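Presented below is the structure to which this report refers.
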Amino acid sequence: MRHDEQDEVSYEKILEAAKEIRFMAESRPAEASALLAQAHRLIDLAEQIRNDSLRWRDPFPIAG
């Protein structure tokens, strides 16, 4: 598997984990705030992986 394919798989897995955590937050109101914060951190991590992967593939994007 190529590096960019691994990044895409990681991105998708992390987003899926964030969705599962959001679902858990709905059924656990007492823990919802902490769970949603955790989901948000995972989404931020996934976006960072995706952005790094895109930068790695095209280090000099054309402004447009």
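How things are named: the first chain in the structure tokens is A, the next is B, and so on; residues count from 1 in each chain; ligands count from 1 in the order shown.
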Hey, what's within 10 Å of Phe23 of chain A if we count only C-alpha atoms and toss same-chain stuff fewer than 4 positions away? As a PyMOL selection string, please? chain A and resi 17-19+27-28+32+35-36+39
Pick out the residues sitting within 10 Å of Ala37 of chain A, and hand them over as a list of chain:residue names; count only C-alpha atoms, and ignore anything fewer than 6 positions along from it in its own chain.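 Answer for this query is A:Ala18, A:Ile21, A:Arg22, A:Ile43.
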Of the listed residues A:Lys13, A:Ala30, A:Arg2, A:Glu8, that which approaches Leu54 of chain A most closely, counting only C-alpha atoms: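 Closest residue, counting only C-alpha atoms: A:Glu8.
Atom pair atom CA of Asp52 of chain A / atom CA of Gln38 of chain A: separated by 21.1 Å.
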Non-local contacts of segment 47-51 of chain A (8 Å; only C-alpha atoms; under 6 positions in same chain excluded) as a list in words: Asp7, Glu8, Ser10 and Tyr11 of chain A
Those of chain A in DSSP helix (DSSP H, G or I), formatted as a ChimeraX atom specification: /A:3-27,29-57
In terms of the shortest atom-to-atom distance over only C-alpha atoms, which of A:Glu12, A:Glu20, A:Glu5, A:Glu31 is closest to Leu45 of chain A?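 Distance minimum relative to Leu45 of chain A lands on A:Glu12.
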What is the distance between atom CA of Gln6 of chain A and atom CA of Arg57 of chain A, in Å to one decimal?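 Calculated distance between atom CA of Gln6 of chain A and atom CA of Arg57 of chain A is 13.1 Å.
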